[in-house]
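Q: This one is coords_35.tsv, TSV, C-alpha atoms and all ligand atoms.
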chain	number	residue	atom	x	y	z
A	1	MET	CA	43.52	-20.53	4.53
A	2	THR	CA	43.79	-16.79	4.60
A	3	LYS	CA	42.34	-13.75	2.91
A	4	GLU	CA	45.55	-13.70	0.80
A	5	ASP	CA	44.48	-17.00	-0.84
A	6	VAL	CA	41.01	-15.63	-1.53
A	7	LEU	CA	42.56	-12.49	-2.99
A	8	ALA	CA	44.89	-14.55	-5.22
A	9	LEU	CA	41.88	-16.44	-6.62
A	10	LEU	CA	39.97	-13.21	-7.32
A	11	GLU	CA	43.01	-11.59	-8.93
A	12	LYS	CA	43.36	-14.51	-11.35
A	13	SER	CA	39.85	-14.21	-12.73
A	14	ASP	CA	38.13	-11.44	-14.70
A	15	ALA	CA	34.77	-13.19	-14.26
A	16	PRO	CA	33.04	-13.48	-10.88
A	17	VAL	CA	34.22	-16.45	-8.77
A	18	SER	CA	31.40	-18.24	-6.95
A	19	GLY	CA	31.53	-18.96	-3.23
A	20	GLU	CA	31.29	-22.64	-4.08
A	21	GLN	CA	34.32	-22.51	-6.43
A	22	MET	CA	36.33	-20.81	-3.68
A	23	CYS	CA	35.28	-23.36	-1.06
A	24	ARG	CA	36.36	-26.17	-3.34
A	25	ALA	CA	39.63	-24.59	-4.48
A	26	LEU	CA	40.71	-23.50	-1.00
A	27	GLY	CA	39.07	-26.13	1.20
A	28	MET	CA	37.17	-23.44	3.09
A	29	THR	CA	33.65	-23.19	4.46
A	30	ARG	CA	31.16	-20.63	3.05
A	31	ALA	CA	31.42	-18.72	6.31
A	32	GLY	CA	35.23	-18.71	6.00
A	33	VAL	CA	35.04	-17.30	2.46
A	34	TRP	CA	32.58	-14.63	3.58
A	35	LYS	CA	34.84	-13.66	6.49
A	36	ALA	CA	37.86	-13.38	4.17
A	37	ILE	CA	35.87	-11.23	1.71
A	38	GLU	CA	34.79	-8.91	4.52
A	39	ALA	CA	38.39	-8.68	5.79
A	40	LEU	CA	39.60	-7.76	2.28
A	41	ARG	CA	36.88	-5.12	1.98
A	42	ALA	CA	37.99	-3.66	5.30
A	43	ASP	CA	41.53	-3.47	3.83
A	44	GLY	CA	40.15	-1.34	1.00
A	45	PHE	CA	39.56	-3.90	-1.75
A	46	ASP	CA	36.37	-3.19	-3.67
A	47	ILE	CA	34.73	-6.62	-4.13
A	48	GLU	CA	31.38	-6.86	-5.86
A	49	ALA	CA	29.03	-9.68	-4.87
A	50	ALA	CA	26.77	-10.58	-7.79
A	51	PRO	CA	23.78	-12.75	-6.78
A	52	ARG	CA	24.18	-16.37	-8.02
A	53	ARG	CA	27.43	-15.53	-9.90
A	54	GLY	CA	29.86	-14.84	-7.10
A	55	TYR	CA	32.54	-12.32	-6.16
A	56	ARG	CA	34.48	-10.03	-8.50
A	57	LEU	CA	37.47	-7.85	-7.61
A	58	CYS	CA	36.68	-4.34	-8.93
A	59	ALA	CA	39.46	-2.21	-7.42
A	60	LYS	CA	42.53	-2.63	-5.27
A	61	PRO	CA	43.67	-0.13	-2.63
A	62	LEU	CA	47.07	1.47	-2.50
A	63	GLN	CA	49.72	-1.16	-1.74
A	64	LYS	CA	53.03	-0.14	-0.21
A	65	GLN	CA	55.12	-2.91	-1.76
A	66	ALA	CA	53.65	-2.38	-5.22
A	67	LEU	CA	54.26	1.36	-4.87
A	68	GLU	CA	57.87	0.81	-3.77
A	69	ARG	CA	58.45	-1.48	-6.75
A	70	LEU	CA	57.06	1.20	-9.06
A	71	LEU	CA	59.09	3.99	-7.47
A	72	ASP	CA	62.14	1.73	-7.77
A	73	GLY	CA	64.63	4.15	-6.29
A	74	SER	CA	63.23	7.28	-7.98
A	75	PHE	CA	61.65	8.38	-4.70
A	76	PRO	CA	63.59	7.64	-1.50
A	77	ALA	CA	61.88	4.75	0.35
A	78	ASP	CA	62.82	6.20	3.75
A	79	ARG	CA	60.77	9.31	2.95
A	80	LEU	CA	57.71	7.34	1.93
A	81	ILE	CA	55.13	6.46	4.58
A	82	VAL	CA	52.14	4.33	3.53
A	83	LEU	CA	49.43	3.87	6.16
A	84	PRO	CA	46.34	1.65	6.08
A	85	GLU	CA	44.36	4.34	7.90
A	86	VAL	CA	45.00	7.78	9.37
A	87	ASP	CA	42.87	10.70	10.55
A	88	SER	CA	44.35	12.97	7.85
A	89	THR	CA	47.59	12.60	5.91
A	90	ASN	CA	48.02	16.38	6.18
A	91	THR	CA	47.63	16.36	9.99
A	92	TYR	CA	50.03	13.40	10.25
A	93	LEU	CA	52.67	15.00	8.02
A	94	LYS	CA	52.37	18.41	9.72
A	95	GLN	CA	53.21	16.67	12.99
A	96	LEU	CA	56.23	14.98	11.36
A	97	ALA	CA	57.26	18.33	9.86
A	98	SER	CA	57.24	20.04	13.25
A	99	ASN	CA	59.42	17.20	14.53
A	100	GLY	CA	61.98	17.84	11.79
A	101	ALA	CA	60.99	15.44	8.96
A	102	PRO	CA	63.13	16.05	5.86
A	103	ASP	CA	62.12	17.85	2.69
A	104	GLU	CA	60.10	15.67	0.29
A	105	THR	CA	58.64	13.33	2.91
A	106	ALA	CA	55.40	11.83	1.57
A	107	VAL	CA	52.55	10.25	3.53
A	108	LEU	CA	49.95	8.16	1.71
A	109	SER	CA	46.93	6.39	3.12
A	110	ILE	CA	44.24	4.01	1.96
A	111	ARG	CA	41.57	5.84	3.93
A	112	GLN	CA	41.27	8.90	6.15
A	113	THR	CA	38.89	9.03	9.09
A	114	ALA	CA	38.97	12.83	9.32
A	115	GLY	CA	40.05	14.04	5.85
A	116	ARG	CA	40.11	17.83	5.69
A	117	GLY	CA	39.16	20.13	2.82
A	118	ARG	CA	39.49	23.85	2.20
A	119	ARG	CA	37.54	26.39	4.25
A	120	GLY	CA	37.32	24.01	7.22
A	121	ARG	CA	35.20	21.50	5.33
A	122	SER	CA	35.63	17.76	5.66
A	123	PHE	CA	36.85	15.65	2.72
A	124	LEU	CA	35.21	12.27	2.17
A	125	SER	CA	38.06	9.75	2.18
A	126	GLU	CA	36.78	6.23	1.61
A	127	PRO	CA	39.05	3.41	0.40
A	128	GLY	CA	39.38	3.58	-3.38
A	129	GLY	CA	40.68	7.14	-3.31
A	130	LEU	CA	44.31	8.21	-3.13
A	131	TYR	CA	45.19	10.41	-0.14
A	132	LEU	CA	48.66	11.87	-0.30
A	133	SER	CA	50.57	14.63	1.49
A	134	TYR	CA	53.96	15.94	0.45
A	135	LEU	CA	56.33	18.04	2.54
A	136	ILE	CA	58.23	20.98	1.09
A	137	ARG	CA	60.98	22.77	3.01
A	138	PRO	CA	61.27	25.67	0.60
A	139	HIS	CA	64.25	27.64	-0.57
A	140	GLU	CA	61.90	29.70	-2.77
A	141	SER	CA	60.55	33.13	-1.76
A	142	ALA	CA	56.99	33.60	-0.45
A	143	GLN	CA	56.14	35.18	-3.83
A	144	GLU	CA	57.38	32.10	-5.70
A	145	LEU	CA	55.32	29.81	-3.49
A	146	LEU	CA	52.04	31.62	-4.10
A	147	HIS	CA	51.17	29.45	-7.08
A	148	LEU	CA	52.23	26.15	-5.47
A	149	THR	CA	48.68	24.80	-5.04
A	150	ALA	CA	47.63	25.73	-8.57
A	151	LEU	CA	50.70	23.97	-9.94
A	152	ALA	CA	50.08	20.93	-7.73
A	153	GLY	CA	46.70	20.74	-9.53
A	154	LEU	CA	48.56	20.67	-12.82
A	155	CYS	CA	50.83	17.89	-11.45
A	156	VAL	CA	47.74	15.76	-10.82
A	157	CYS	CA	46.40	16.46	-14.34
A	158	ASN	CA	49.73	15.45	-15.88
A	159	ALA	CA	49.94	12.31	-13.75
A	160	VAL	CA	46.38	11.27	-14.68
A	161	ARG	CA	47.21	11.77	-18.36
A	162	GLN	CA	50.34	9.63	-17.98
A	163	VAL	CA	48.51	6.67	-16.47
A	164	THR	CA	45.16	6.88	-18.33
A	165	GLY	CA	45.79	8.84	-21.54
A	166	MET	CA	42.95	11.18	-20.48
A	167	GLN	CA	43.86	14.77	-19.55
A	168	PRO	CA	41.70	16.44	-16.88
A	169	SER	CA	41.05	20.19	-17.01
A	170	ILE	CA	41.59	22.57	-14.10
A	171	LYS	CA	38.87	24.57	-12.44
A	172	TRP	CA	40.50	27.74	-11.17
A	173	PRO	CA	42.36	27.90	-8.87
A	174	ASN	CA	43.41	24.27	-8.47
A	175	ASP	CA	40.78	21.56	-8.88
A	176	PRO	CA	41.38	18.91	-11.54
A	177	VAL	CA	38.03	18.11	-13.21
A	178	LEU	CA	36.85	15.48	-15.69
A	179	ASN	CA	33.67	16.07	-17.70
A	180	GLY	CA	32.83	19.05	-15.50
A	181	LYS	CA	33.06	17.13	-12.23
A	182	LYS	CA	35.63	17.38	-9.47
A	183	LEU	CA	38.22	14.59	-9.58
A	184	CYS	CA	40.62	15.83	-6.94
A	185	GLY	CA	40.89	18.29	-4.06
A	186	ILE	CA	44.09	19.98	-2.86
A	187	LEU	CA	44.76	21.58	0.51
A	188	THR	CA	48.10	23.28	1.18
A	189	GLU	CA	49.00	24.13	4.76
A	190	SER	CA	52.12	25.85	6.04
A	191	SER	CA	54.08	26.89	9.08
A	192	LEU	CA	55.36	30.44	8.95
A	193	LEU	CA	58.59	31.83	10.36
A	194	PRO	CA	58.50	35.17	12.26
A	195	ASP	CA	59.53	37.02	9.07
A	196	GLY	CA	56.46	35.65	7.27
A	197	SER	CA	58.33	33.16	5.10
A	198	ALA	CA	57.33	29.48	5.16
A	199	ALA	CA	59.35	27.07	7.31
A	200	TRP	CA	57.54	24.24	5.55
A	201	LEU	CA	54.47	23.54	3.45
A	202	VAL	CA	52.37	20.41	3.29
A	203	VAL	CA	50.57	19.85	-0.02
A	204	GLY	CA	47.65	17.48	0.54
A	205	ILE	CA	46.10	15.81	-2.50
A	206	GLY	CA	42.98	13.62	-2.53
A	207	VAL	CA	42.19	11.95	-5.87
A	208	ASN	CA	39.04	9.95	-6.53
A	209	VAL	CA	40.37	6.80	-8.18
A	210	GLY	CA	38.31	3.66	-7.70
A	211	GLN	CA	35.11	4.92	-6.03
A	212	ALA	CA	32.09	3.40	-7.76
A	213	SER	CA	29.66	5.99	-6.33
A	214	PHE	CA	29.40	9.05	-4.08
A	215	PRO	CA	26.80	10.05	-1.47
A	216	PRO	CA	23.80	11.93	-2.94
A	217	ASP	CA	24.92	15.34	-1.59
A	218	ILE	CA	28.10	15.33	-3.70
A	219	ALA	CA	27.22	12.86	-6.49
A	220	ASP	CA	26.43	15.72	-8.93
A	221	MET	CA	29.76	17.45	-8.40
A	222	ALA	CA	32.27	14.63	-7.84
A	223	THR	CA	33.64	11.96	-10.13
A	224	SER	CA	36.29	9.26	-9.96
A	225	LEU	CA	38.54	7.70	-12.58
A	226	ALA	CA	36.49	4.49	-12.25
A	227	LEU	CA	33.25	6.40	-12.90
A	228	GLN	CA	34.88	7.79	-16.05
A	229	GLU	CA	35.67	4.18	-17.03
A	230	LEU	CA	39.37	4.67	-16.54
A	231	ASP	CA	40.95	1.65	-14.91
A	232	VAL	CA	44.06	2.61	-12.94
A	233	SER	CA	45.73	1.37	-9.77
A	234	PRO	CA	46.26	3.94	-7.00
A	235	ASP	CA	49.92	2.80	-6.82
A	236	ALA	CA	50.60	3.74	-10.45
A	237	LEU	CA	48.88	7.08	-9.98
A	238	ALA	CA	50.76	7.80	-6.73
A	239	ASP	CA	54.03	7.00	-8.50
A	240	ALA	CA	53.19	9.44	-11.32
A	241	ILE	CA	52.05	12.20	-8.91
A	242	LEU	CA	55.21	11.93	-6.79
A	243	ALA	CA	57.34	12.19	-9.96
A	244	GLN	CA	55.39	15.29	-11.00
A	245	LEU	CA	55.77	16.91	-7.56
A	246	THR	CA	59.52	16.23	-7.68
A	247	ALA	CA	59.65	17.88	-11.13
A	248	LEU	CA	57.59	20.82	-9.85
A	249	ARG	CA	60.29	21.60	-7.28
A	250	THR	CA	62.70	22.44	-10.09
A	251	VAL	CA	60.40	24.99	-11.79
A	252	LEU	CA	58.80	26.92	-8.91
A	253	THR	CA	61.17	29.85	-9.41
A	254	ASP	CA	60.43	30.02	-13.13
A	255	PRO	CA	57.16	28.27	-14.00
A	256	VAL	CA	56.68	29.91	-17.43
A	257	GLU	CA	55.98	26.69	-19.33
A	258	TRP	CA	53.80	25.33	-16.55
A	259	LEU	CA	51.82	28.57	-16.57
A	260	ALA	CA	51.23	28.20	-20.31
A	261	GLU	CA	50.01	24.62	-19.79
A	262	TYR	CA	47.84	25.75	-16.86
A	263	ARG	CA	46.21	28.36	-19.11
A	264	ARG	CA	45.52	25.72	-21.76
A	265	ARG	CA	43.93	23.42	-19.18
A	266	CYS	CA	41.86	26.02	-17.30
A	267	VAL	CA	38.21	25.20	-17.86
A	268	ASN	CA	36.87	28.59	-16.71
A	269	LEU	CA	38.27	30.75	-19.50
A	270	GLY	CA	35.59	32.23	-21.73
A	271	ARG	CA	32.87	30.98	-19.39
A	272	PRO	CA	30.50	32.74	-16.99
A	273	VAL	CA	31.56	32.90	-13.34
A	274	ARG	CA	30.03	34.43	-10.26
A	275	VAL	CA	32.45	36.30	-8.03
A	276	LEU	CA	31.46	36.16	-4.36
A	277	ARG	CA	32.86	38.75	-1.99
A	278	GLY	CA	31.27	38.85	1.43
A	279	ASN	CA	27.55	38.85	0.72
A	280	THR	CA	27.79	40.32	-2.77
A	281	VAL	CA	27.64	38.15	-5.85
A	282	ARG	CA	28.59	39.58	-9.27
A	283	GLN	CA	28.13	37.92	-12.63
A	284	ALA	CA	31.25	38.00	-14.81
A	285	THR	CA	33.05	36.21	-17.62
A	286	ALA	CA	36.48	34.68	-16.98
A	287	LEU	CA	38.94	36.17	-19.47
A	288	ALA	CA	42.50	35.19	-18.61
A	289	ILE	CA	45.01	33.86	-16.09
A	290	ASP	CA	47.66	36.45	-15.15
A	291	GLU	CA	51.35	35.82	-14.37
A	292	GLN	CA	50.54	35.15	-10.68
A	293	PHE	CA	47.78	32.66	-11.55
A	294	GLY	CA	45.06	35.22	-10.74
A	295	LEU	CA	41.82	35.02	-12.73
A	296	THR	CA	40.96	38.13	-14.74
A	297	VAL	CA	37.21	38.54	-15.04
A	298	GLN	CA	34.99	41.03	-16.83
A	299	TYR	CA	31.77	42.13	-15.15
A	300	GLU	CA	28.52	42.83	-16.99
A	301	ASN	CA	29.22	46.59	-16.87
A	302	GLY	CA	32.50	46.06	-18.77
A	303	GLU	CA	34.75	46.62	-15.74
A	304	THR	CA	37.60	44.08	-15.34
A	305	GLU	CA	39.30	42.78	-12.21
A	306	THR	CA	41.82	40.07	-11.37
A	307	VAL	CA	40.71	37.88	-8.49
A	308	ARG	CA	43.14	35.89	-6.38
A	309	SER	CA	42.47	32.61	-4.67
A	310	GLY	CA	41.86	33.13	-0.96
A	311	GLU	CA	40.37	36.57	-1.68
A	312	VAL	CA	37.19	35.45	-3.36
A	313	SER	CA	35.30	32.33	-4.28
A	314	VAL	CA	34.51	31.92	-7.94
A	315	ARG	CA	31.45	29.88	-8.71
A	316	GLY	CA	31.38	28.23	-12.10
A	317	LEU	CA	27.99	27.91	-13.74
A	318	TYR	CA	28.63	24.47	-15.15
A	319	GLY	CA	27.72	21.89	-12.58
A	320	TYR	CA	29.59	22.16	-9.34
A	321	ILE	CA	30.66	24.88	-7.00
A	322	GLU	CA	33.81	25.30	-5.00
B	401	LIG	C1	39.26	20.51	-1.05
B	401	LIG	O1	38.90	20.31	-2.21
B	401	LIG	O2	38.52	21.11	-0.25
B	401	LIG	C2	40.63	20.05	-0.61
B	401	LIG	C3	40.63	18.61	-0.22
B	401	LIG	C4	42.02	18.09	0.14
B	401	LIG	C5	41.99	16.64	0.55
B	401	LIG	C6	43.36	16.08	0.77
B	401	LIG	S1	43.31	14.32	0.94
B	401	LIG	C7	44.96	14.29	1.47
B	401	LIG	C8	45.13	15.48	2.40
B	401	LIG	N1	44.70	15.14	3.74
B	401	LIG	C9	43.63	15.85	4.12
B	401	LIG	O3	43.07	15.76	5.24
B	401	LIG	N2	43.27	16.68	3.15
B	401	LIG	C10	44.11	16.57	1.99
Could the structure of this file be written out as structure tokens, please?
Ligand code: BTN
A:
Amino acid sequence: MTKEDVLALLEKSDAPVSGEQMCRALGMTRAGVWKAIEALRADGFDIEAAPRRGYRLCAKPLQKQALERLLDGSFPADRLIVLPEVDSTNTYLKQLASNGAPDETAVLSIRQTAGRGRRGRSFLSEPGGLYLSYLIRPHESAQELLHLTALAGLCVCNAVRQVTGMQPSIKWPNDPVLNGKKLCGILTESSLLPDGSAAWLVVGIGVNVGQASFPPDIADMATSLALQELDVSPDALADAILAQLTALRTVLTDPVEWLAEYRRRCVNLGRPVRVLRGNTVRQATALAIDEQFGLTVQYENGETETVRSGEVSVRGLYGYIE
């Protein structure tokens, strides 16, 4: 008997399945059941063990075959790489990009051992999350690519709405948030040609999907779809995000409607922000998003300024900081 049989039993039942029931149904020993459960957990399945009641399957990891079935020809299978584990999907895809991988190659993984965030930080990447990188070989100008990461944030919001009915907001410049907590992080990396234009860009997206909890140092700022009581498989979400990224490619040169939607979703507008530049911190109110996705703020002395991502860090006063 294999872990696949144990999984099949768990998948069939909404209620917990006791170790004894499994032993009887599968002709296994208790130790065999325990080993299979541990093997499934190592594969990324979230299995709860309730004392005296048994095991319950809470969340499944990303599954390549299920994802391929969902994509069903809409995303080319030969450009889709699904890995059980990788150091970082961005690092992996950057390597493929320098070896000539085609436009729109996507790398997805169940877990990352060295997930990377912005500003050199690490990105916690336990099974249960969705870790996805997407390669763009652009024909757009450097100017048209400036708002790529902000729009990738909007892609994630749209995809979450499609699969859950719940629409996240965006914390400027590009973090999807639900109930004031960070749901997703995005890191775009690029390789520049001598003239300063991008040879390629890798958009890396990490969405918290099935995580039931976070370590204490980030628990106040991070949330997952599961913690918001939204039940969704990472495959369905990956399918929706890839469709959104494909659609994004067609509007980068003229993102007027996407900009309007971004403005509607931006959670900062009308709220207090602190603008950090070097060691100075200034209190301000976020007023508007300009045509280049910059954030126009008004300081306490009435002076206004438009801040651009990369130039400054804007700290929201509503729960978490960038
Ligand atoms: C941030 O909020 O600081 C950005 C986090 C970006 C995380 C994603 S997960 C997929 C891709 N691979 C990485 O190593 N990082 C990005």
Q: Can you tell me which residues sit at most 9 Å away from ligand LIG 401 (chain B), counting all atoms listed in the file, written as a ChimeraX atom specification?
A: /A:87-92,107-109,112-125,129-133,174-175,182,184-188,202-207,322
Q: Pull the closest atom pair for each residue of segment 173-282 of chain A that gets at most 8 Å from segment 153-163 of chain A, along with the distance in Å to one decimal, counting all atoms listed in the file, ordering rows by chain and then ascending residue number, as a tab-separated table.
A:
residue	atom	partner	partner_atom	distance
A:Asn174	CA	A:Gly153	CA	4.9
A:Asp175	CA	A:Gly153	CA	6.0
A:Pro176	CA	A:Gly153	CA	6.0
A:Ile186	CA	A:Gly153	CA	7.2
A:Val232	CA	A:Val163	CA	7.0
A:Ala236	CA	A:Val163	CA	7.0
A:Leu237	CA	A:Val163	CA	6.5
A:Ala240	CA	A:Ala159	CA	5.0
A:Ile241	CA	A:Ala159	CA	5.3
A:Gln244	CA	A:Cys155	CA	5.3
A:Leu245	CA	A:Cys155	CA	6.4
A:Leu248	CA	A:Cys155	CA	7.5
A:Trp258	CA	A:Leu154	CA	7.9
A:Tyr262	CA	A:Leu154	CA	6.5
Q: When distances are computed from all atoms listed in the file, which of A:Glu68, A:Glu257, A:Asp5, A:Glu140 shows the smallest separation from Ala25 of chain A?
A: A:Asp5
Q: Of the candidates A:Leu57, A:Leu192, A:Ile289, A:Leu276, which shows the shortest atom-to-atom distance to Ser313 of chain A, using all atoms listed in the file?
A: A:Leu276
Q: I'd like the contact shell of Pro234 of chain A - 9 Å cut-off, only C-alpha atoms, skipping same-chain residues fewer than 4 positions apart - returned as a ChimeraX atom specification.
A: /A:60-63,67,128-130,209-210,238-239
Q: What is the distance between atom CA of Val275 of chain A and atom CA of Val314 of chain A, in Å to one decimal?
A: 4.8 Å
Q: Env of segment 263-269 of chain A: 7 Å cut, atoms = only C-alpha atoms, seq-sep filter 3 positions within chain, self excluded. Answer as a ChimeraX atom specification.
A: /A:169-172,259-260,286-289
Q: Show which residues sit within 10 Å of Ala222 of chain A, as number ranges by chain. Count all atoms listed in the file, and ignore same-chain residues fewer than 6 positions away.
A: A: 177-178, 180-184, 208, 213-215, 319-320
Q: Could you turn the residues from that selection into a file that holds C-alpha atoms, as a PDB file, in the coordinates of the input?
A:
ATOM      1  CA  VAL A 177      38.030  18.110 -13.210  1.00  0.00           C
ATOM      2  CA  LEU A 178      36.850  15.480 -15.690  1.00  0.00           C
ATOM      3  CA  GLY A 180      32.830  19.050 -15.500  1.00  0.00           C
ATOM      4  CA  LYS A 181      33.060  17.130 -12.230  1.00  0.00           C
ATOM      5  CA  LYS A 182      35.630  17.380  -9.470  1.00  0.00           C
ATOM      6  CA  LEU A 183      38.220  14.590  -9.580  1.00  0.00           C
ATOM      7  CA  CYS A 184      40.620  15.830  -6.940  1.00  0.00           C
ATOM      8  CA  ASN A 208      39.040   9.950  -6.530  1.00  0.00           C
ATOM      9  CA  SER A 213      29.660   5.990  -6.330  1.00  0.00           C
ATOM     10  CA  PHE A 214      29.400   9.050  -4.080  1.00  0.00           C
ATOM     11  CA  PRO A 215      26.800  10.050  -1.470  1.00  0.00           C
ATOM     12  CA  GLY A 319      27.720  21.890 -12.580  1.00  0.00           C
ATOM     13  CA  TYR A 320      29.590  22.160  -9.340  1.00  0.00           C
TER      14      TYR A 320
END
Q: State, in Å with one decimal place, the distance from atom CA of Val33 of chain A to atom CA of Cys58 of chain A.
A: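 Calculated distance between atom CA of Val33 of chain A and atom CA of Cys58 of chain A is 17.3 Å.
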Q: What is the atom CA of Val86 of chain A-atom CA of Ile218 of chain A distance in Å, reported with one decimal?
A: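 Interatomic distance, atom CA of Val86 of chain A to atom CA of Ile218 of chain A: 22.7 Å.
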Q: For a quick check of understanding, using only C-alpha atoms, which of A:Pro272, A:Thr164, A:His147, A:Ser13 has the smallest distance to Ala226 of chain A?
A: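 Counting only C-alpha atoms, the residue closest to Ala226 of chain A is A:Thr164.
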Q: If you count only C-alpha atoms, which residues fall within 10 Å of Ser141 of chain A, apart from same-chain ones fewer than 3 positions away, as a short mmCIF file (atom, residue, chain, number, x, y, z; two decimals) with C-alpha atoms, in the coordinates of the input?
A:
data_model
loop_
_atom_site.label_atom_id
_atom_site.label_comp_id
_atom_site.auth_asym_id
_atom_site.auth_seq_id
_atom_site.Cartn_x
_atom_site.Cartn_y
_atom_site.Cartn_z
CA PRO A 138 61.27 25.67 0.60
CA GLU A 144 57.38 32.10 -5.70
CA LEU A 145 55.32 29.81 -3.49
CA LEU A 146 52.04 31.62 -4.10
CA SER A 197 58.33 33.16 5.10
CA ALA A 198 57.33 29.48 5.16
CA LEU A 252 58.80 26.92 -8.91
CA THR A 253 61.17 29.85 -9.41
#
Q: Pick the closest to Pro51 of chain A from A:Pro168, A:Pro16, A:Pro76, A:Gly27: which is it, counting only C-alpha atoms?
A: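 The answer is A:Pro16, which sits nearest to Pro51 of chain A.
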